[in-house]
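K.L.:
Enclosed is the structure file start_7.pdb (PDB, N, CA and C atoms).
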```
ATOM      1  N   MET A   1       0.862  -1.182   0.000
ATOM      2  CA  MET A   1       0.000   0.000   0.000
ATOM      3  C   MET A   1       0.902   1.237   0.000
ATOM      4  N   ASP A   2       0.621   2.176  -0.888
ATOM      5  CA  ASP A   2       1.426   3.399  -0.906
ATOM      6  C   ASP A   2       0.932   4.372   0.174
ATOM      7  N   LEU A   3       1.703   5.414   0.427
ATOM      8  CA  LEU A   3       1.402   6.344   1.513
ATOM      9  C   LEU A   3       0.057   7.036   1.318
ATOM     10  N   LYS A   4      -0.279   7.392   0.094
ATOM     11  CA  LYS A   4      -1.568   8.053  -0.157
ATOM     12  C   LYS A   4      -2.734   7.157   0.270
ATOM     13  N   ASP A   5      -2.682   5.882  -0.116
ATOM     14  CA  ASP A   5      -3.730   4.937   0.274
ATOM     15  C   ASP A   5      -3.731   4.728   1.786
ATOM     16  N   GLU A   6      -2.540   4.663   2.360
ATOM     17  CA  GLU A   6      -2.439   4.467   3.804
ATOM     18  C   GLU A   6      -3.079   5.639   4.559
ATOM     19  N   LEU A   7      -2.837   6.868   4.107
ATOM     20  CA  LEU A   7      -3.429   8.039   4.741
ATOM     21  C   LEU A   7      -4.952   8.062   4.567
ATOM     22  N   THR A   8      -5.423   7.654   3.408
ATOM     23  CA  THR A   8      -6.866   7.615   3.154
ATOM     24  C   THR A   8      -7.561   6.622   4.071
ATOM     25  N   ASN A   9      -6.916   5.492   4.326
ATOM     26  CA  ASN A   9      -7.512   4.433   5.130
ATOM     27  C   ASN A   9      -7.075   4.453   6.596
ATOM     28  N   ALA A  10      -6.352   5.477   6.994
ATOM     29  CA  ALA A  10      -5.818   5.543   8.356
ATOM     30  C   ALA A  10      -6.936   5.685   9.391
ATOM     31  N   ALA A  11      -6.643   5.237  10.599
ATOM     32  CA  ALA A  11      -7.579   5.341  11.734
ATOM     33  C   ALA A  11      -7.309   6.672  12.450
ATOM     34  N   TRP A  12      -7.883   7.746  11.926
ATOM     35  CA  TRP A  12      -7.672   9.078  12.484
ATOM     36  C   TRP A  12      -8.400   9.213  13.818
ATOM     37  N   ARG A  13      -7.748   9.876  14.769
ATOM     38  CA  ARG A  13      -8.396  10.129  16.057
ATOM     39  C   ARG A  13      -8.068  11.539  16.539
ATOM     40  N   LYS A  14      -9.013  12.089  17.272
ATOM     41  CA  LYS A  14      -8.893  13.451  17.792
ATOM     42  C   LYS A  14      -8.635  13.369  19.288
ATOM     43  N   SER A  15      -7.850  14.278  19.797
ATOM     44  CA  SER A  15      -7.566  14.312  21.228
ATOM     45  C   SER A  15      -8.831  14.561  22.030
ATOM     46  N   SER A  16      -8.920  13.920  23.178
ATOM     47  CA  SER A  16     -10.052  14.169  24.075
ATOM     48  C   SER A  16     -10.025  15.603  24.601
ATOM     49  N   TYR A  17      -8.892  16.258  24.538
ATOM     50  CA  TYR A  17      -8.786  17.653  24.955
ATOM     51  C   TYR A  17      -9.456  18.601  23.965
ATOM     52  N   SER A  18      -9.781  18.117  22.786
ATOM     53  CA  SER A  18     -10.396  18.963  21.765
ATOM     54  C   SER A  18     -11.844  19.305  22.102
ATOM     55  N   GLY A  19     -12.479  18.526  22.946
ATOM     56  CA  GLY A  19     -13.860  18.793  23.316
ATOM     57  C   GLY A  19     -14.826  18.346  22.245
ATOM     58  N   SER A  20     -16.095  18.553  22.504
ATOM     59  CA  SER A  20     -17.121  18.099  21.577
ATOM     60  C   SER A  20     -17.641  19.207  20.678
ATOM     61  N   SER A  21     -17.163  20.433  20.872
ATOM     62  CA  SER A  21     -17.686  21.562  20.106
ATOM     63  C   SER A  21     -17.043  21.701  18.732
ATOM     64  N   GLY A  22     -16.062  20.863  18.439
ATOM     65  CA  GLY A  22     -15.382  20.979  17.142
ATOM     66  C   GLY A  22     -14.313  22.032  17.226
ATOM     67  N   GLY A  23     -14.277  22.938  16.254
ATOM     68  CA  GLY A  23     -13.289  23.998  16.305
ATOM     69  C   GLY A  23     -11.940  23.558  15.799
ATOM     70  N   ASP A  24     -10.928  24.169  16.346
ATOM     71  CA  ASP A  24      -9.552  23.917  15.910
ATOM     72  C   ASP A  24      -9.041  22.607  16.485
ATOM     73  N   CYS A  25      -9.055  21.580  15.674
ATOM     74  CA  CYS A  25      -8.649  20.253  16.140
ATOM     75  C   CYS A  25      -7.596  19.666  15.204
ATOM     76  N   ILE A  26      -6.681  18.952  15.808
ATOM     77  CA  ILE A  26      -5.693  18.195  15.056
ATOM     78  C   ILE A  26      -6.004  16.728  15.287
ATOM     79  N   GLU A  27      -5.974  15.956  14.215
ATOM     80  CA  GLU A  27      -6.164  14.516  14.317
ATOM     81  C   GLU A  27      -4.836  13.836  14.025
ATOM     82  N   VAL A  28      -4.632  12.689  14.649
ATOM     83  CA  VAL A  28      -3.426  11.903  14.427
ATOM     84  C   VAL A  28      -3.822  10.496  14.011
ATOM     85  N   ALA A  29      -2.924   9.840  13.306
ATOM     86  CA  ALA A  29      -3.159   8.455  12.892
ATOM     87  C   ALA A  29      -1.833   7.709  12.858
ATOM     88  N   PRO A  30      -1.800   6.517  13.447
ATOM     89  CA  PRO A  30      -0.594   5.702  13.336
ATOM     90  C   PRO A  30      -0.456   5.175  11.914
ATOM     91  N   LEU A  31       0.771   5.168  11.425
ATOM     92  CA  LEU A  31       1.048   4.686  10.071
ATOM     93  C   LEU A  31       2.117   3.598  10.127
ATOM     94  N   SER A  32       2.402   3.006   9.011
ATOM     95  CA  SER A  32       3.425   1.968   8.956
ATOM     96  C   SER A  32       4.794   2.548   9.307
ATOM     97  N   GLN A  33       5.687   1.680   9.684
ATOM     98  CA  GLN A  33       7.064   2.038  10.025
ATOM     99  C   GLN A  33       7.147   3.018  11.190
ATOM    100  N   GLY A  34       6.119   3.062  12.038
ATOM    101  CA  GLY A  34       6.134   3.927  13.208
ATOM    102  C   GLY A  34       5.837   5.386  12.946
ATOM    103  N   ARG A  35       5.588   5.713  11.683
ATOM    104  CA  ARG A  35       5.299   7.114  11.352
ATOM    105  C   ARG A  35       3.932   7.504  11.891
ATOM    106  N   VAL A  36       3.706   8.817  11.987
ATOM    107  CA  VAL A  36       2.430   9.341  12.462
ATOM    108  C   VAL A  36       1.948  10.400  11.481
ATOM    109  N   GLY A  37       0.660  10.313  11.116
ATOM    110  CA  GLY A  37       0.041  11.322  10.263
ATOM    111  C   GLY A  37      -0.663  12.351  11.135
ATOM    112  N   LEU A  38      -0.613  13.602  10.725
ATOM    113  CA  LEU A  38      -1.273  14.702  11.429
ATOM    114  C   LEU A  38      -2.074  15.494  10.413
ATOM    115  N   ARG A  39      -3.312  15.857  10.790
ATOM    116  CA  ARG A  39      -4.117  16.685   9.885
ATOM    117  C   ARG A  39      -4.997  17.633  10.694
ATOM    118  N   ASP A  40      -5.328  18.739  10.059
ATOM    119  CA  ASP A  40      -6.182  19.765  10.642
ATOM    120  C   ASP A  40      -7.619  19.466  10.231
ATOM    121  N   THR A  41      -8.527  19.345  11.196
ATOM    122  CA  THR A  41      -9.910  18.996  10.871
ATOM    123  C   THR A  41     -10.627  20.088  10.096
ATOM    124  N   GLU A  42     -10.093  21.305  10.127
ATOM    125  CA  GLU A  42     -10.721  22.394   9.377
ATOM    126  C   GLU A  42     -10.106  22.570   7.989
ATOM    127  N   ALA A  43      -9.130  21.740   7.652
ATOM    128  CA  ALA A  43      -8.481  21.842   6.344
ATOM    129  C   ALA A  43      -8.217  20.453   5.787
ATOM    130  N   LEU A  44      -9.250  19.644   5.727
ATOM    131  CA  LEU A  44      -9.093  18.268   5.258
ATOM    132  C   LEU A  44      -8.729  18.178   3.781
ATOM    133  N   ASP A  45      -8.856  19.284   3.057
ATOM    134  CA  ASP A  45      -8.468  19.286   1.648
ATOM    135  C   ASP A  45      -6.944  19.378   1.488
ATOM    136  N   LEU A  46      -6.234  19.747   2.563
ATOM    137  CA  LEU A  46      -4.772  19.814   2.519
ATOM    138  C   LEU A  46      -4.192  18.449   2.858
ATOM    139  N   PRO A  47      -3.017  18.137   2.303
ATOM    140  CA  PRO A  47      -2.431  16.832   2.619
ATOM    141  C   PRO A  47      -1.971  16.787   4.077
ATOM    142  N   PRO A  48      -2.090  15.635   4.722
ATOM    143  CA  PRO A  48      -1.614  15.500   6.099
ATOM    144  C   PRO A  48      -0.094  15.605   6.173
ATOM    145  N   LEU A  49       0.385  15.994   7.327
ATOM    146  CA  LEU A  49       1.813  15.997   7.624
ATOM    147  C   LEU A  49       2.162  14.610   8.127
ATOM    148  N   VAL A  50       3.269  14.059   7.685
ATOM    149  CA  VAL A  50       3.721  12.741   8.148
ATOM    150  C   VAL A  50       5.074  12.939   8.817
ATOM    151  N   VAL A  51       5.171  12.488  10.076
ATOM    152  CA  VAL A  51       6.412  12.662  10.823
ATOM    153  C   VAL A  51       7.003  11.306  11.188
ATOM    154  N   SER A  52       8.295  11.325  11.413
ATOM    155  CA  SER A  52       9.013  10.105  11.776
ATOM    156  C   SER A  52       8.710   9.715  13.217
ATOM    157  N   PRO A  53       8.998   8.463  13.562
ATOM    158  CA  PRO A  53       8.796   8.057  14.954
ATOM    159  C   PRO A  53       9.581   8.930  15.937
ATOM    160  N   ALA A  54      10.807   9.286  15.589
ATOM    161  CA  ALA A  54      11.630  10.108  16.477
ATOM    162  C   ALA A  54      11.042  11.504  16.659
ATOM    163  N   ALA A  55      10.541  12.089  15.587
ATOM    164  CA  ALA A  55       9.931  13.421  15.682
ATOM    165  C   ALA A  55       8.666  13.377  16.534
ATOM    166  N   TRP A  56       7.861  12.337  16.380
ATOM    167  CA  TRP A  56       6.637  12.210  17.171
ATOM    168  C   TRP A  56       6.972  12.037  18.651
ATOM    169  N   ARG A  57       7.954  11.184  18.959
ATOM    170  CA  ARG A  57       8.360  10.988  20.354
ATOM    171  C   ARG A  57       8.850  12.296  20.966
ATOM    172  N   ALA A  58       9.652  13.053  20.216
ATOM    173  CA  ALA A  58      10.166  14.334  20.723
ATOM    174  C   ALA A  58       9.013  15.302  20.985
ATOM    175  N   PHE A  59       8.034  15.343  20.111
ATOM    176  CA  PHE A  59       6.880  16.218  20.311
ATOM    177  C   PHE A  59       6.103  15.815  21.559
ATOM    178  N   VAL A  60       5.791  14.533  21.693
ATOM    179  CA  VAL A  60       5.013  14.062  22.845
ATOM    180  C   VAL A  60       5.774  14.330  24.139
ATOM    181  N   GLU A  61       7.062  14.046  24.158
ATOM    182  CA  GLU A  61       7.859  14.300  25.353
ATOM    183  C   GLU A  61       7.871  15.795  25.690
ATOM    184  N   GLY A  62       8.006  16.651  24.680
ATOM    185  CA  GLY A  62       8.006  18.090  24.892
ATOM    186  C   GLY A  62       6.661  18.578  25.424
ATOM    187  N   ALA A  63       5.581  18.018  24.893
ATOM    188  CA  ALA A  63       4.243  18.412  25.367
ATOM    189  C   ALA A  63       4.054  17.995  26.818
ATOM    190  N   LYS A  64       4.478  16.788  27.154
ATOM    191  CA  LYS A  64       4.362  16.320  28.535
ATOM    192  C   LYS A  64       5.199  17.163  29.489
ATOM    193  N   ALA A  65       6.318  17.661  29.010
ATOM    194  CA  ALA A  65       7.218  18.463  29.846
ATOM    195  C   ALA A  65       6.791  19.936  29.918
ATOM    196  N   GLY A  66       5.746  20.292  29.173
ATOM    197  CA  GLY A  66       5.242  21.668  29.215
ATOM    198  C   GLY A  66       5.977  22.641  28.299
ATOM    199  N   GLU A  67       6.766  22.128  27.374
ATOM    200  CA  GLU A  67       7.542  22.998  26.483
ATOM    201  C   GLU A  67       6.681  23.883  25.589
ATOM    202  N   PHE A  68       5.441  23.516  25.390
ATOM    203  CA  PHE A  68       4.573  24.286  24.488
ATOM    204  C   PHE A  68       3.496  25.053  25.225
ATOM    205  N   ASP A  69       3.549  25.047  26.555
ATOM    206  CA  ASP A  69       2.561  25.771  27.344
ATOM    207  C   ASP A  69       2.765  27.283  27.182
ATOM    208  N   PHE A  70       1.670  27.994  27.176
ATOM    209  CA  PHE A  70       1.741  29.450  27.034
ATOM    210  C   PHE A  70       1.692  30.095  28.380
TER     211      PHE A  70
END
```
Show me the file's structure as structure tokens.

P.N.:
Amino acid sequence: MDLKDELTNAAWRKSSYSGSSGGDCIEVAPLSQGRVGLRDTEALDLPPLVVSPAAWRAFVEGAKAGEFDF
């Protein structure tokens, strides 16, 4: 399966922190080879961003450590 097909058939999920009102939400999907797809729910016509396992781990660790808190 090529990446385009994989993204089309991916199991996209939204964070529980996004709430039920919709709005500005990012969805993530696990992909082959440990990669992660990211997409904006308000711009589904744009291609998703695909990041490496290392980039995803660094992001999650940074978020847990509060690096992105305002």

K.L.:
If we count all atoms listed in the file, what is near range 39-54 of chain A at a cut-off of 8 Å, once residues fewer than 4 positions away on the same chain are taken out, given as a PyMOL selection string?

P.N.:
chain A and resi 7+23-29+33-35+58-60

K.L.:
Limited to N, CA and C atoms, could you put the picked residues into a file as a CSV table (one decimal), keeping the file's coordinate frame?

P.N.:
```csv
chain,number,residue,atom,x,y,z
A,7,LEU,N,-2.8,6.9,4.1
A,7,LEU,CA,-3.4,8.0,4.7
A,7,LEU,C,-5.0,8.1,4.6
A,23,GLY,N,-14.3,22.9,16.3
A,23,GLY,CA,-13.3,24.0,16.3
A,23,GLY,C,-11.9,23.6,15.8
A,24,ASP,N,-10.9,24.2,16.3
A,24,ASP,CA,-9.6,23.9,15.9
A,24,ASP,C,-9.0,22.6,16.5
A,25,CYS,N,-9.1,21.6,15.7
A,25,CYS,CA,-8.6,20.3,16.1
A,25,CYS,C,-7.6,19.7,15.2
A,26,ILE,N,-6.7,19.0,15.8
A,26,ILE,CA,-5.7,18.2,15.1
A,26,ILE,C,-6.0,16.7,15.3
A,27,GLU,N,-6.0,16.0,14.2
A,27,GLU,CA,-6.2,14.5,14.3
A,27,GLU,C,-4.8,13.8,14.0
A,28,VAL,N,-4.6,12.7,14.6
A,28,VAL,CA,-3.4,11.9,14.4
A,28,VAL,C,-3.8,10.5,14.0
A,29,ALA,N,-2.9,9.8,13.3
A,29,ALA,CA,-3.2,8.5,12.9
A,29,ALA,C,-1.8,7.7,12.9
A,33,GLN,N,5.7,1.7,9.7
A,33,GLN,CA,7.1,2.0,10.0
A,33,GLN,C,7.1,3.0,11.2
A,34,GLY,N,6.1,3.1,12.0
A,34,GLY,CA,6.1,3.9,13.2
A,34,GLY,C,5.8,5.4,12.9
A,35,ARG,N,5.6,5.7,11.7
A,35,ARG,CA,5.3,7.1,11.4
A,35,ARG,C,3.9,7.5,11.9
A,58,ALA,N,9.7,13.1,20.2
A,58,ALA,CA,10.2,14.3,20.7
A,58,ALA,C,9.0,15.3,21.0
A,59,PHE,N,8.0,15.3,20.1
A,59,PHE,CA,6.9,16.2,20.3
A,59,PHE,C,6.1,15.8,21.6
A,60,VAL,N,5.8,14.5,21.7
A,60,VAL,CA,5.0,14.1,22.8
A,60,VAL,C,5.8,14.3,24.1
```

K.L.:
Any idea what the distance is between atom C of Asp2 in chain A and atom N of Leu31 in chain A?

P.N.:
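Taking atom C of Asp2 in chain A and atom N of Leu31 in chain A, their separation equals 11.3 Å.
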
K.L.:
Just how far from CA of Ser15 in chain A is atom C of Gly37 in chain A, in Å to one decimal?

P.N.:
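CA of Ser15 in chain A lies 12.4 Å from atom C of Gly37 in chain A.
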
K.L.:
Would you mind writing down, as a list of chain:residue names, each residue of chain A that DSSP on the backbone assigns to helix (DSSP H, G or I)?

P.N.:
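Residues of chain A classed as helix (DSSP H, G or I): A:Leu3, A:Lys4, A:Asp5, A:Glu6, A:Leu7, A:Thr8, A:Ser16, A:Tyr17, A:Ser18, A:Ser32, A:Gln33, A:Gly34, A:Pro53, A:Ala54, A:Ala55, A:Trp56, A:Arg57, A:Ala58, A:Phe59, A:Val60, A:Glu61, A:Gly62, A:Ala63, A:Lys64.
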
K.L.:
Please, which residues of range 3-64 of chain A, numbered as in this document, come out strand (DSSP E or B) from DSSP, as number ranges by chain?

P.N.:
A: 13-14, 26-30, 36-40, 49-51

K.L.:
Using 4 Å of padding on each side, determine the axis-aligned box around all atoms of range 2-7 of chain A present in the file and give its centre and edge lengths in Å to one decimal, as JSON.

P.N.:
```
{"center_x": -1.6, "center_y": 5.1, "center_z": 1.9, "size_x": 14.7, "size_y": 13.9, "size_z": 13.6}
```

K.L.:
Which value, in Å to one decimal, gives the distance between atom N of Asn9 in chain A and atom C of Ser32 in chain A?

P.N.:
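Value for the atom N of Asn9 in chain A-atom C of Ser32 in chain A distance: 13.1 Å.
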
K.L.:
Smallest atom-to-atom distance to Arg57 in chain A: which of A:Val36, A:Asp69, A:Lys4, A:Lys14, using only C-alpha atoms?

P.N.:
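Using only C-alpha atoms, Arg57 in chain A sits closest to A:Val36.
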